[in-house]
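For reference, structure.cif (mmCIF, C-alpha atoms and all ligand atoms):
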data_work
#
loop_
_atom_site.label_atom_id
_atom_site.label_comp_id
_atom_site.auth_asym_id
_atom_site.auth_seq_id
_atom_site.Cartn_x
_atom_site.Cartn_y
_atom_site.Cartn_z
CA MET T 7 0.00 0.00 0.00
CA LYS T 8 1.46 3.29 -1.08
CA ALA T 9 0.28 6.48 0.55
CA GLU T 10 -0.12 8.05 -2.87
CA LEU T 11 -2.86 5.59 -3.66
CA LEU T 12 -5.04 7.48 -1.22
CA THR T 13 -5.08 10.33 -3.69
CA LEU T 14 -7.10 8.16 -6.02
CA LEU T 15 -10.09 8.72 -3.81
CA ILE T 16 -10.39 12.20 -5.22
CA PRO T 17 -10.22 12.25 -9.02
CA SER T 18 -9.31 15.93 -9.22
CA THR T 19 -6.18 15.48 -7.17
CA GLN T 20 -3.12 17.30 -8.45
CA SER T 21 -0.72 14.47 -8.40
CA PHE T 22 1.76 14.19 -11.21
CA GLU T 23 3.47 11.01 -10.14
CA LEU T 24 0.55 8.68 -10.47
CA SER T 25 0.58 6.76 -13.65
CA SER T 26 -2.74 6.04 -15.26
CA THR T 27 -2.17 2.32 -14.89
CA HIS T 28 -2.89 2.60 -11.19
CA HIS T 29 -6.16 4.20 -11.86
CA ASN T 30 -8.30 1.22 -12.64
CA LYS T 31 -6.81 -1.06 -10.06
CA THR T 32 -7.46 0.72 -6.81
CA THR T 33 -10.91 1.74 -5.77
CA SER T 34 -11.97 3.81 -2.80
CA GLU T 35 -13.38 0.61 -1.29
CA ASP T 36 -9.91 -0.94 -1.36
CA ILE T 37 -8.50 2.04 0.42
CA ASN T 38 -11.21 2.26 3.04
CA MET T 39 -10.83 -1.42 3.75
CA LEU T 40 -7.08 -1.15 4.13
CA LEU T 41 -7.47 1.81 6.43
CA SER T 42 -10.02 0.08 8.58
CA TYR T 43 -7.78 -2.97 8.98
CA SER T 44 -4.67 -1.04 9.78
CA ASN T 45 -5.56 0.05 13.30
CA LEU T 46 -5.11 3.73 12.69
CA ASP T 47 -6.18 5.98 15.49
CA LYS T 48 -8.31 9.05 14.84
CA LYS T 49 -5.39 11.42 14.42
CA GLU T 50 -3.51 9.11 12.08
CA TYR T 51 -6.57 8.43 9.98
CA SER T 52 -7.43 12.13 9.70
CA LEU T 53 -3.89 13.07 8.81
CA LEU T 54 -3.68 10.55 6.00
CA LEU T 55 -6.98 11.62 4.50
CA MET T 56 -6.14 15.26 4.82
CA LYS T 57 -2.65 15.01 3.37
CA TYR T 58 -3.17 12.50 0.62
CA VAL T 59 -6.80 12.94 -0.26
CA ASP T 60 -7.17 16.64 0.53
CA ASP T 61 -10.15 15.95 2.72
CA ARG T 62 -11.29 19.14 4.47
CA THR T 63 -13.34 17.47 7.16
CA SER T 64 -10.30 15.49 8.23
CA GLU T 65 -8.35 18.67 8.51
CA SER T 66 -10.68 20.08 11.13
CA THR T 67 -10.84 16.74 12.93
CA LEU T 68 -7.07 16.66 13.16
CA PHE T 69 -7.03 20.25 14.31
CA ASP T 70 -9.53 19.54 17.09
CA GLU T 71 -7.69 16.39 18.14
CA LEU T 72 -4.40 18.24 18.42
CA PHE T 73 -5.64 21.52 19.83
CA GLU T 74 -5.49 20.59 23.50
CA GLU T 75 -2.06 19.04 23.23
CA VAL T 76 -0.82 22.16 21.53
CA CYS T 77 -2.40 24.33 24.23
CA ASP T 78 -0.40 22.32 26.77
CA ILE T 79 2.81 23.10 24.91
CA PHE T 80 2.02 26.80 25.03
CA LEU T 81 0.73 26.71 28.57
CA LYS T 82 4.30 26.35 29.76
CA LYS T 83 5.03 29.65 28.06
CA GLU T 84 2.02 31.29 29.66
CA VAL T 85 0.74 32.71 26.40
CA LEU T 86 -2.61 30.99 26.57
CA LYS T 87 -4.34 34.31 27.11
CA GLU T 88 -3.62 35.03 23.51
CA CYS T 89 -5.87 32.20 22.49
CA GLY T 90 -5.91 32.94 18.78
CA ILE T 91 -2.19 32.51 18.59
CA VAL T 92 -2.34 28.83 19.48
CA ARG T 93 -4.73 28.25 16.60
CA LYS T 94 -2.44 30.12 14.21
CA PHE T 95 0.59 28.08 15.22
CA LEU T 96 -1.25 24.79 14.92
CA ASN T 97 -2.78 25.72 11.56
CA THR T 98 0.56 26.69 10.11
CA ALA T 99 2.25 23.55 11.40
CA ILE T 100 -0.46 21.43 9.78
CA ILE T 101 0.06 23.26 6.48
CA GLU T 102 3.82 22.83 6.68
CA CYS T 103 3.50 19.11 7.30
CA CYS T 104 0.89 18.49 4.64
CA VAL T 105 1.61 20.83 1.77
CA GLU T 106 5.01 19.77 0.52
CA LYS T 107 4.68 20.70 -3.10
CA CYS T 108 5.51 24.27 -4.08
CA VAL T 109 2.32 26.19 -4.78
CA VAL T 110 4.09 28.81 -6.89
CA CYS T 111 5.49 26.49 -9.55
CA ARG T 112 3.07 23.67 -8.80
CA GLY T 113 5.86 21.37 -7.76
CA THR T 114 7.74 21.52 -11.05
CA GLY T 115 10.69 23.49 -9.69
CA PHE T 116 10.60 25.91 -12.62
CA LEU T 117 8.77 29.07 -13.52
CA GLN T 118 8.05 29.97 -17.08
CA THR T 119 8.03 33.59 -18.16
CA ASN T 120 7.57 35.04 -21.64
CA ASN T 121 11.01 34.23 -22.91
CA SER T 122 12.71 32.08 -20.35
CA ILE T 123 12.33 29.27 -17.91
CA ASP T 124 13.81 29.98 -14.52
CA LYS T 125 14.43 27.92 -11.48
CA CYS T 126 11.68 28.60 -8.94
CA ILE T 127 13.10 30.45 -5.94
CA HIS T 128 10.37 29.31 -3.56
CA CYS T 129 11.26 25.68 -3.55
CA SER T 130 13.94 23.10 -3.88
CA GLU T 131 13.11 20.89 -6.83
CA GLY T 132 9.42 21.42 -6.35
CA ASN T 133 9.40 20.99 -2.57
CA PHE T 134 8.25 24.21 -0.99
CA ILE T 135 10.75 25.87 1.35
CA TYR T 136 9.27 26.86 4.70
CA ASP T 137 11.45 29.42 6.40
CA ASP T 138 10.59 31.65 9.32
CA TYR T 139 9.50 34.44 7.03
CA VAL T 140 7.08 32.16 5.16
CA ARG T 141 5.78 30.67 8.41
CA SER T 142 5.12 34.02 10.00
CA SER T 143 3.35 35.33 6.92
CA ILE T 144 1.09 32.26 6.80
CA MET T 145 0.31 33.00 10.44
CA GLY T 146 -0.14 36.68 9.88
CA VAL T 147 2.26 37.65 12.65
CA LYS T 148 5.55 39.53 12.66
CA LYS T 149 8.61 37.39 12.11
CA ASN T 150 10.18 38.27 15.44
CA TYR T 151 6.97 37.25 17.18
CA PHE T 152 7.13 33.87 15.49
CA VAL T 153 10.80 33.41 16.37
CA LYS T 154 9.96 33.96 20.02
CA TYR T 155 7.88 30.77 19.93
CA LYS T 156 9.88 28.86 17.36
CA LYS T 157 10.74 26.05 19.79
CA GLU T 158 7.06 25.50 20.53
CA TYR T 159 6.30 25.57 16.82
CA GLU T 160 8.94 22.96 16.12
CA SER T 161 7.52 20.65 18.72
CA ILE T 162 4.09 20.89 17.04
CA VAL T 163 5.65 20.01 13.69
CA GLU T 164 7.48 17.11 15.33
CA LYS T 165 4.22 15.90 16.84
CA ILE T 166 2.49 15.88 13.45
CA ASN T 167 5.44 14.16 11.77
CA THR T 168 5.38 11.45 14.43
CA ILE T 169 1.68 10.86 13.75
CA GLU T 170 2.34 10.60 10.03
CA ASN T 171 5.24 8.19 10.42
CA SER T 172 3.22 6.01 12.71
CA ALA T 173 0.28 6.06 10.30
CA LEU T 174 2.44 5.21 7.30
CA SER T 175 4.12 2.35 9.09
CA LYS T 176 0.71 0.96 10.00
CA ILE T 177 -0.41 0.96 6.37
CA GLY T 178 2.93 -0.50 5.35
CA ASP T 179 4.36 2.45 3.51
CA ALA T 180 7.32 3.30 5.73
ZN ZN E 1 8.52 26.23 -6.75
#

Translate this structure into structure tokens?
Ligand SMILES: [Zn+2]
Amino acid sequence: MKAELLTLLIPSTQSFELSSTHHNKTTSEDINMLLSYSNLDKKEYSLLLMKYVDDRTSESTLFDELFEEVCDIFLKKEVLKECGIVRKFLNTAIIECCVEKCVVCRGTGFLQTNNSIDKCIHCSEGNFIYDDYVRSSIMGVKKNYFVKYKKEYESIVEKINTIENSALSKIGDA
């Protein structure tokens, strides 16, 4: 079972790697059955659907499931009063973990202008580069504000990556 196969659930998915030969072989029933037999917990299941199938409902489920844990991380910093900020950090971390392909060049790594084709500066070979400037603009906060809580942010990202790795190993893709 390859994680990319999950993308087949949504026909409009923007995946360039999938060859058309896969298309007839895997049905959404196959995928649902595999998922139901693989002992995924709610977070793992939501993350897979969100990341590989672009399922919006799963995104909010994952958000809700993680929100309290993320509040705990920030509680130690005593910033919980600024409630909105916890949401912004969690949202951005979810985006960073799930949107790997560059949105500017659509994951090709190149940008075409009228008379030339240039290397896209926003990514490395099609993989979007998240730096502190990008992260803080997704969040809508000043960069120095983000940097103040960078450690906390990194532990959210780590948390999400751990969930993904666990999920992928359960479906046999890691
Ligand atoms: Zn790019």

| request: Could I get the residue neighbourhood of ligand ZN 1 (chain E) at 9 Å, counting only C-alpha atoms and all ligand atoms, as a PyMOL selection string? | output: chain T and resi 107-117+125-135

| task | Determine the nearest neighbour of T:Val147 from the options T:Phe69, T:Glu50, T:Gly90, T:Lys57, counting all atoms listed in the file. | result |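 So, comparing all the options, the nearest one is T:Gly90.
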
| task | Would you list the residues near (-4.5, 10.5, 14.5) (no more than 9 Å away, in the coordinates of the file, using all atoms listed in the file) as a ChimeraX atom specification? | result | /T:46-54,68,71-72,166,169-170,173

| Any idea what the distance is between atom CA of T:Glu106 and atom CA of T:Asn38? |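 Calculated distance between atom CA of T:Glu106 and atom CA of T:Asn38 is 24.0 Å.
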
| request: Compare T:Leu96, T:Val153, T:Ile79, T:Leu174 by their minimum atom-to-atom distance to T:Leu55, counting all atoms listed in the file, and give me the closest one. | output: T:Leu174

| query | What does the distance between atom CA of T:Phe73 and atom CA of T:Ile177 come to in Å, to one decimal place? | reply | 25.1 Å

| From the set T:Glu102, T:Asn121, T:Lys176, T:Lys148, which residue has the shortest atom-to-atom contact distance to T:Glu160, counting all atoms listed in the file? |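 Using all atoms listed in the file, the shortest distance to T:Glu160 belongs to T:Glu102.
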